[in-house]
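*Asks:* Sharing a structure below in structure tokens format, with a few things to ask.
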Amino acid sequence: MSATTSYIGKSVKRVEDKRFITGKGKYTDDIILAGMVHGAFVRSPHANAKIKKIDISKAKAMPGVIAIFTGADVAAINGVPCGWQVNFKNGDTMKEPKHPLLVADRTKHVGDPVAFIIAESREEAKDAIEMVSVDYEKLSCVTNPAEAVKPGAPLVHDDVPNNICFDWELGNPKSEVEEALSKASHVTTLDFVNQRLVPNAMEPRSYIGSYDETSDKYTLYTSTQNPHLIRLLMCAFVLGIPEHKVRVVGPDVGGGFGSKIYHYTEEALVTWCSKEIGRPIKWTSERAESFLLDAHGRDHVTKAEMGFDKDGKILALRVKTFANLGAYLSTFSTCVPTYLHGTLLQGLYTTPKINVDVTGVFTHTNAVDAYRGAGRPEATYILERLLDLSALEMNVDPTELRFKNFIPPFDGVKQPGYQTQVALQYDSGNYHGVLEKGLEILDYKNFRKQQKESAKNGKLLGVGFSTYIEACGIAPSAVVGSLGARAGLYEVGQVRVQPTGKVSVFTGSHSHGQGHETTFAQVVADKLGIPMEDVDIIHGDSDTVAFGMGTYGSRSLAVGGSAIVKSIEKIVEKGKKIAAHKLEASEQDIEFVDGKFTIKGTSKSLNFAEIALTAYVPHVYPADLEPGLDFSSFYDPKNFTYPFGCHIAVVEIDRETGKVDLKRFIAVDDVGNVINPMIVEGQIHGGVAQGMGQALLEGVEYDEDGQISNGSYMDYCMPRADDFPMFETASQVTPCPHNPLGVKGAGEAGCIGSTPAVVNAVIDALWSSGKKVKDIRMPLTPERVWKAMN
Amino acid sequence: MIPSSFSYQKVNSVAEAIKALSSGEAKILAGGHSLIPTMKLRLNSPSKLVDIGALAELRGIKESGAEIIIGAATTHQEIATNKIIQSKLPLFAQGGNSIGDVQVRNKGTIGGSLAHADPAADWAAIVLASDATIEVQGGKGTRKIKATGFFNGMFSTALQDDEIITAVHVPLAVGSKGSYAKFPQPASRFAIVGCAVMKMADGKVNIAFTGISNCAFRDQAAEKAISGKKIDASTIESASKAAVEGVNILSDHYASEKYRKHLAKVYLKRALLAVS
């Protein structure tokens with residue numbers, strides 16, 4: 001369509017930044033509706049407690065209080081659903097206890113909502129909380145998933161034996177893996193915890209429910225990553241309101257990292273209550289509530305074994321994981337430790353036998369769901385820790401071990417995709433390339449020399465590698481459906497050409513920091529040969545955008561962008577018909593290049609704006625053609641996309657204190673074709689920061705009463721700029737063979753690759769000083785590293 | 001994150017503040033960096049805040065005879081960047097700079113920090129090591145309290161209910177050299193261990209710790225091990241061995257008692273090395 005590209009591949013500055021940087025963004029909490037009132041929750045202070053009595057009478061009499069709802073008031077309403085069904089190995093469906101909007105009888109984690117207070121002001125609602133009297137009978141609780149399955153452990157749900165939601169298995173039969181491991185000349189075993197993380201979006205969750213009696217229509221403003229999905233879940237599964245009577249708006253959203261995918265109880269509650277009291281209700285999470293209740297990430301307890309032959313070829317991998325799901329099932333909680341984790345255990349390697357066994361476990365904790373990377377960081381952590389540790393144990397070079405086991409390069413066009421042992425077919429890859437490039441930047445040989453010399457000077461240097469792959473661009477609906485998804489996973493893109501040739505694009509993707517308004521506009525402008533200023537990207541409103549599945553799993557450009565491209569193709573096709581008629585030529589002779597419809601081999605042409613005007617003022621127009629230039633497309637991908645890369649960390653450890661100093665971080669990522677290199681690099685930087693945060697700084701600590709003992713920024717350490725060296729990033733491009741842009745996705749790569757690289761570097765440093773430590777529990781705090789050294 | 005309602009009074013003089021304090025459930029507000037977070041969590045619900053943050057008489061740094069006087073409402077940043085402090089009391093510049101981040105330093109005040117007496121606050125170790133005196137004013141007039149007699153325990157000081165810190169007096173010890181070595185909690189940047197040392201011209205070495213116990217303290221055993229001696233590898237080792245023995249050491253999820261004790265000895269060595 002376009003011979004030259006003005007925008008694709010260029011680091012165009014983000015058009016949305018003007019409003020964000022100047023504080024002009026409009027978030028849900030900025031919205032004030034006429035007559036709006038405010039909600040606040042009475043939340044359980046106990047992890048597991050019977051509610052013996054609740055007395056709201058004093059609170060009701062407090063100034064400004066309009067209404068108070070308790071569990072009894074909403075008992076007839078369904079709970080919020082889980083969007084993915086995972087079956088037990090024996091075929092039984094997973095246990096799916098009700099997740100009520102308010103708890104009536106027994107609280108199951110700290111923060112479980114017991115009453116919802118609505119008052120004229122937020123302050124009055126907060127004051128009234130203190131006047132609600134709840135008589136709890138505190139019971140014992142369990143927070144660790146490996147402990148929760150043991151006989152006699154306290155039960156989260158009385159009808160879920162051993163707290164097991166499901167048990168699940170994927171890959172080769174256990175007997176085959178057992179046999180391969182028994183024949184191995186070396187088996188590396190690693191027991192570890194992939195700790196629980198708080199997503200920490202900058203904008204706290206915020207919702208406004210509003211009901212209009214005259215039209216019998218509800219509006220929900222919500223800080224969400226997928227407004228249409230929220231509408232679907234809330235209408236069809238929870239409140240039973242017909243969808244055409246509900247508008248869901250996700251305005252500017254300040255970060256999500258997964259935590260704003262899910263349908264939360266508070267969304268349904270403000271919507272339902274707005275009709276009950278006849279006024280709009282706003283609830284905005286406080287930061288303390290965000291720590292407690294935004295769905296957490298990770299929390300796996302894992303044992304992994306990898307067997308090698310005498311030449312260092314991987315023979316088999318066996319993984320057993322207890323995945324903590326929390327007290328209730330969040331929207332995608334069940335697919336994260338299964339289909340987004342087990343399926344990635346092939347990694348970049350030709351491992352012939354793989355078996356992964358996952359037990360999904362209820363505990364008296366907040367829900368766990370997708371957090372940047374979602375299952376793939378957990379899988380990568382297993383593989384990459386095992387690779388570096390095996391190299392140390394076998395006394396071989398960790399990069400040689402990888403080269404020996406890499407899947408050979410394939411482009412997915414001339415060579416077929418790579419079929420793994422764990423259900424996926426990789427699209428295209430050149431895994432040797434990213435590691436080679438990483439080693440070149442590192443100057444590996446020199447590093448090893450430097451490491452030895454530093455050791456003489458009392459310094460402890462280490463290097464860690466991580467060569468990762470991930471699956472994103474989720475996904476073919478038929479495939480995810482067969483795996484238990486209760487939704488399709490396509491995307492919608494509508495391109496409306498205005499009569500003057502300006503373009504409004506409506507996408508079902510939802511930007512909450514990713515820069516869609518820029519990247520998508522770059523694609524549209526180039527494909528139509530028009531200036532970027534002529535393109536507007538519109539998203540986040542179910543009344544404006546036809547439908548959408550939202551933004552997560554690095555899917556927006558690969559799936560949402562492809563849907564837009566499909567609509568552009570329809571526009572060009574129609575444009576050619578109009579041009580052929582006006583230029584009195586045959587349609588086959590019209591080509592569309594650089595924004596002009598031209599008769600091939602001639603200078604006779606019409607530009608894009610002229611065709612647009614003709615479509616809306618169809619005076620000279622093909623007889624059988626509808627006026628207008630406006631197309632909508634649904635794009636359902638043929639496969640997932642598989643970005644990959646190589647991350648290398650160099651650390652220095654303070655021998656006296658155990659403090660780890662990250663000296664270098666190298667990231668070579670192959671995310672397919674790149675539309676905006678600056679945005680991709682920014683995504684990698686952010687991901688690496690969060691991945692390094694998991695390795696060294698972050699982690700939820702539950703005490704024995706099920707309380708989070710580090711639930712504030714005074715205790716829970718988020719990474720800051722001065723914790724990092726300058727990142728050294730580089731890229732390789734292996735296009736995705738099955739989507740029109742050849743793109744794979746970049747949102748999560750940094751977070752997937754970086755964590756094991758950092759931990760491996762610390763372990764390498766310790767081994768270089770003779771301390772043969774297999775594992776240090778994340779985050780690798782100074783004390784934990786110090787203990788490992790002493 | 002929303003405090004209970006309270007009344008707010010901005011006062012024009014210290015005397016007015018003291019009068020306001022005596023009228024009941026009031027709290028002094030200076031920089032607010034310790035008080036406001038506890039109010040937002042409703043751990044603290046004073047019915048009245050008395051704002052002394054803008055009182056000119058409490059702000060500023062001046063040299064007076066053989067001492068430097070720092071007004072109680074002087075911010076950490078003002079202290080860290082003050083020319084007199086940088087040239088004559090570099091330990092205070094170093095200490096001020098080690099607090100939180102620049103936003104915190106621009107709001108928080110030295111008087112507020114001392115009065116709050118967080119067991120991990122940096123100023124506590126620094127005023128102890130430099131033999132400073134805390135000047136306070138209350139209903140019964142003004143008095144001066146030696147830093148060594150000021151801290152009683154966790155969030156507990158020698159201040160009476162109606163007393164306000166007005167200034168910190170720091171003696172100018174000619175020929176002295178100070179250093180502050182700190183291992184911060186990575187999230188809060190409060191001290192897991194903070195060690196301030198001041199080597200006097202006569203060879204006496206003052207050693208103070210913060211972060212490791214209920215309140216900051218002078219470590220006399222460590223001081224005895226090194227005072228009057230040449231500071232070298234061997235005396236540093238002796239001081240480190242003697243340090244924090246018999247002290248009731250804090251323990252939390254980030255640093256156990258054993259690790260804190262080890263860190264205290266390491267950071268004492270680092271501080272001593274810097275003044276050797």
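Starting from 1 in every chain, residues are counted up; chains themselves are A, B, ... following the order of the structure tokens, and ligands are numbered from 1 as listed.
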Taking the backbone alone, and naming residues the way the document does, which bits of segment 135-181 of chain B are strand (DSSP E) by DSSP, as a ChimeraX atom specification?
*Replies:* /B:135-138,141-146,151-153,156-157,164-171,177-181
*Asks:* With 6 Å as the limit and counting only C-alpha atoms, what residues in chain B lie close to chain A? Please list them as a ChimeraX atom specification.
*Replies:* /B:1,187-188
*Asks:* Applying 8 Å and only C-alpha atoms, which residues near Ala72 of chain B remain after dropping the ones on its own chain fewer than 3 positions away? List them as a list of chain:residue names.
*Replies:* B:Leu58, B:Arg59, B:Thr109, B:Ile110, B:Gly111, B:Gly112, B:Ile165, B:Thr166, B:Ala167, B:Val168
*Asks:* Could you take the residues named above and write them with N, CA, C and O atoms, as a tab-separated table (two decimals), in the first residue's frame?
*Replies:*
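Written file, again-v3.tsv:
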```tsv
chain	number	residue	atom	x	y	z
B	58	LEU	N	12.06	29.96	64.28
B	58	LEU	CA	12.51	28.57	64.41
B	58	LEU	C	13.36	28.11	63.23
B	58	LEU	O	13.80	26.97	63.17
B	59	ARG	N	13.53	29.00	62.25
B	59	ARG	CA	14.25	28.56	61.04
B	59	ARG	C	15.60	29.24	60.94
B	59	ARG	O	15.79	30.35	61.38
B	109	THR	N	11.85	18.42	59.01
B	109	THR	CA	12.68	19.34	59.80
B	109	THR	C	13.47	18.59	60.86
B	109	THR	O	13.05	17.51	61.31
B	110	ILE	N	14.56	19.19	61.28
B	110	ILE	CA	15.41	18.53	62.29
B	110	ILE	C	14.68	18.44	63.63
B	110	ILE	O	14.73	17.41	64.31
B	111	GLY	N	13.95	19.50	63.98
B	111	GLY	CA	13.24	19.48	65.25
B	111	GLY	C	12.15	18.42	65.25
B	111	GLY	O	11.95	17.69	66.22
B	112	GLY	N	11.44	18.33	64.11
B	112	GLY	CA	10.38	17.33	63.99
B	112	GLY	C	10.93	15.93	64.13
B	112	GLY	O	10.35	15.08	64.81
B	165	ILE	N	10.58	21.79	70.74
B	165	ILE	CA	12.01	21.99	70.46
B	165	ILE	C	12.13	23.30	69.67
B	165	ILE	O	11.40	23.52	68.69
B	166	THR	N	13.04	24.16	70.09
B	166	THR	CA	13.22	25.42	69.37
B	166	THR	C	14.53	25.46	68.59
B	166	THR	O	14.61	26.12	67.56
B	167	ALA	N	15.56	24.77	69.09
B	167	ALA	CA	16.84	24.82	68.38
B	167	ALA	C	17.73	23.66	68.79
B	167	ALA	O	17.51	23.02	69.82
B	168	VAL	N	18.72	23.43	67.94
B	168	VAL	CA	19.75	22.45	68.26
B	168	VAL	C	21.07	23.21	68.32
B	168	VAL	O	21.43	23.92	67.38
```
*Asks:* When you count only C-alpha atoms, which of these residues is closest to Glu400 of chain A: A:Thr363, A:Asp670, A:Val524, A:Gly312?
*Replies:*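 Comparing A:Thr363, A:Asp670, A:Val524, A:Gly312 against Glu400 of chain A, the winner is A:Gly312.
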*Asks:* Within 9 Å of Ala243 of chain B, counting only C-alpha atoms, which residues show up once you throw out same-chain ones fewer than 2 positions away? Write them as an MDAnalysis selection string, please.
*Replies:* chainID B and resid 219:223 225 238:241 245:247 261 264:265 268
*Asks:* I need the chosen residues saved as a CSV table (one decimal), in the first residue's frame, with C-alpha atoms.
*Replies:*
```csv
chain,number,residue,atom,x,y,z
B,219,ASP,CA,28.2,3.3,72.6
B,220,GLN,CA,30.6,3.8,75.5
B,221,ALA,CA,32.3,0.4,75.2
B,222,ALA,CA,33.2,1.0,71.6
B,223,GLU,CA,34.3,4.6,72.5
B,225,ALA,CA,38.1,0.8,73.0
B,238,SER,CA,38.8,-3.6,68.8
B,239,ALA,CA,36.1,-1.0,68.7
B,240,SER,CA,34.0,-3.0,66.4
B,241,LYS,CA,34.3,-6.1,68.7
B,245,GLU,CA,27.3,-5.8,72.9
B,246,GLY,CA,24.6,-6.1,75.5
B,247,VAL,CA,22.3,-3.9,73.6
B,261,LYS,CA,24.3,-6.6,65.1
B,264,ALA,CA,26.4,-2.3,63.3
B,265,LYS,CA,29.9,-3.5,63.6
B,268,LEU,CA,31.2,1.4,62.8
```
*Asks:* Extract, using only C-alpha atoms, all DNA, RNA and protein residues at most 8 Å from Ala120 of chain B, discarding same-chain residues fewer than 6 positions from it, and format them as a count of residues only.
*Replies:* 10
*Asks:* Contacts of Phe406 of chain A at 8 Å or less, counting only C-alpha atoms, minus same-chain residues fewer than 5 places along, as an MDAnalysis selection string?
*Replies:* chainID A and resid 348:350 431:432
*Asks:* Using only C-alpha atoms for the distances, tell me which of B:Ser179, B:Ser276, B:Thr142, B:Thr74 is nearest to Thr235 of chain B.
*Replies:*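 Distance minimum relative to Thr235 of chain B lands on B:Ser276.
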*Asks:* What is the distance between atom CA of Ile666 of chain A and atom CA of Glu728 of chain A, in Å to one decimal?
*Replies:* 4.7 Å
*Asks:* My list of candidates is A:Glu147, A:Glu393, A:Glu130, A:Glu276. Which is closest to Thr188 of chain A when distances are computed with only C-alpha atoms?
*Replies:*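 Result for the nearest residue to Thr188 of chain A: A:Glu393.
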*Asks:* May I ask which of the residues B:Asp161, B:Arg105, B:Ala54, B:Leu263 is the closest one to Ala26 of chain B, counting only C-alpha atoms?
*Replies:*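 Nearest to Ala26 of chain B: B:Asp161.
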*Asks:* Using only C-alpha atoms, pick whichever of B:Ser113, B:Ser64, B:Asn82, B:Ser176 has the shortest atom-to-atom distance to Ile28 of chain B.
*Replies:* B:Ser113
*Asks:* Could you name the residues that touch Val758 of chain A at 7 Å or less, counting only C-alpha atoms, but leaving out those on the same chain fewer than 6 positions away, as a PyMOL selection string?
*Replies:* chain A and resi 464+649+692+695
*Asks:* Atom CA of Lys353 of chain A and atom CA of Asn395 of chain A, how far apart in Å?
*Replies:*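 Between atom CA of Asn395 of chain A and atom CA of Lys353 of chain A the gap works out to 23.6 Å.
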*Asks:* Would you mind reading off the distance between atom CA of Asp131 of chain B and atom CA of Lys107 of chain B, one decimal, in Å?
*Replies:*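 Those two atoms sit 25.4 Å apart.
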*Asks:* Restricting the calculation to only C-alpha atoms: of A:His46, A:Lys456, A:Lys174, A:Lys566, which residue gets closest to Phe634 of chain A?
*Replies:*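 The shortest atom-to-atom distance to Phe634 of chain A comes from A:Lys566.
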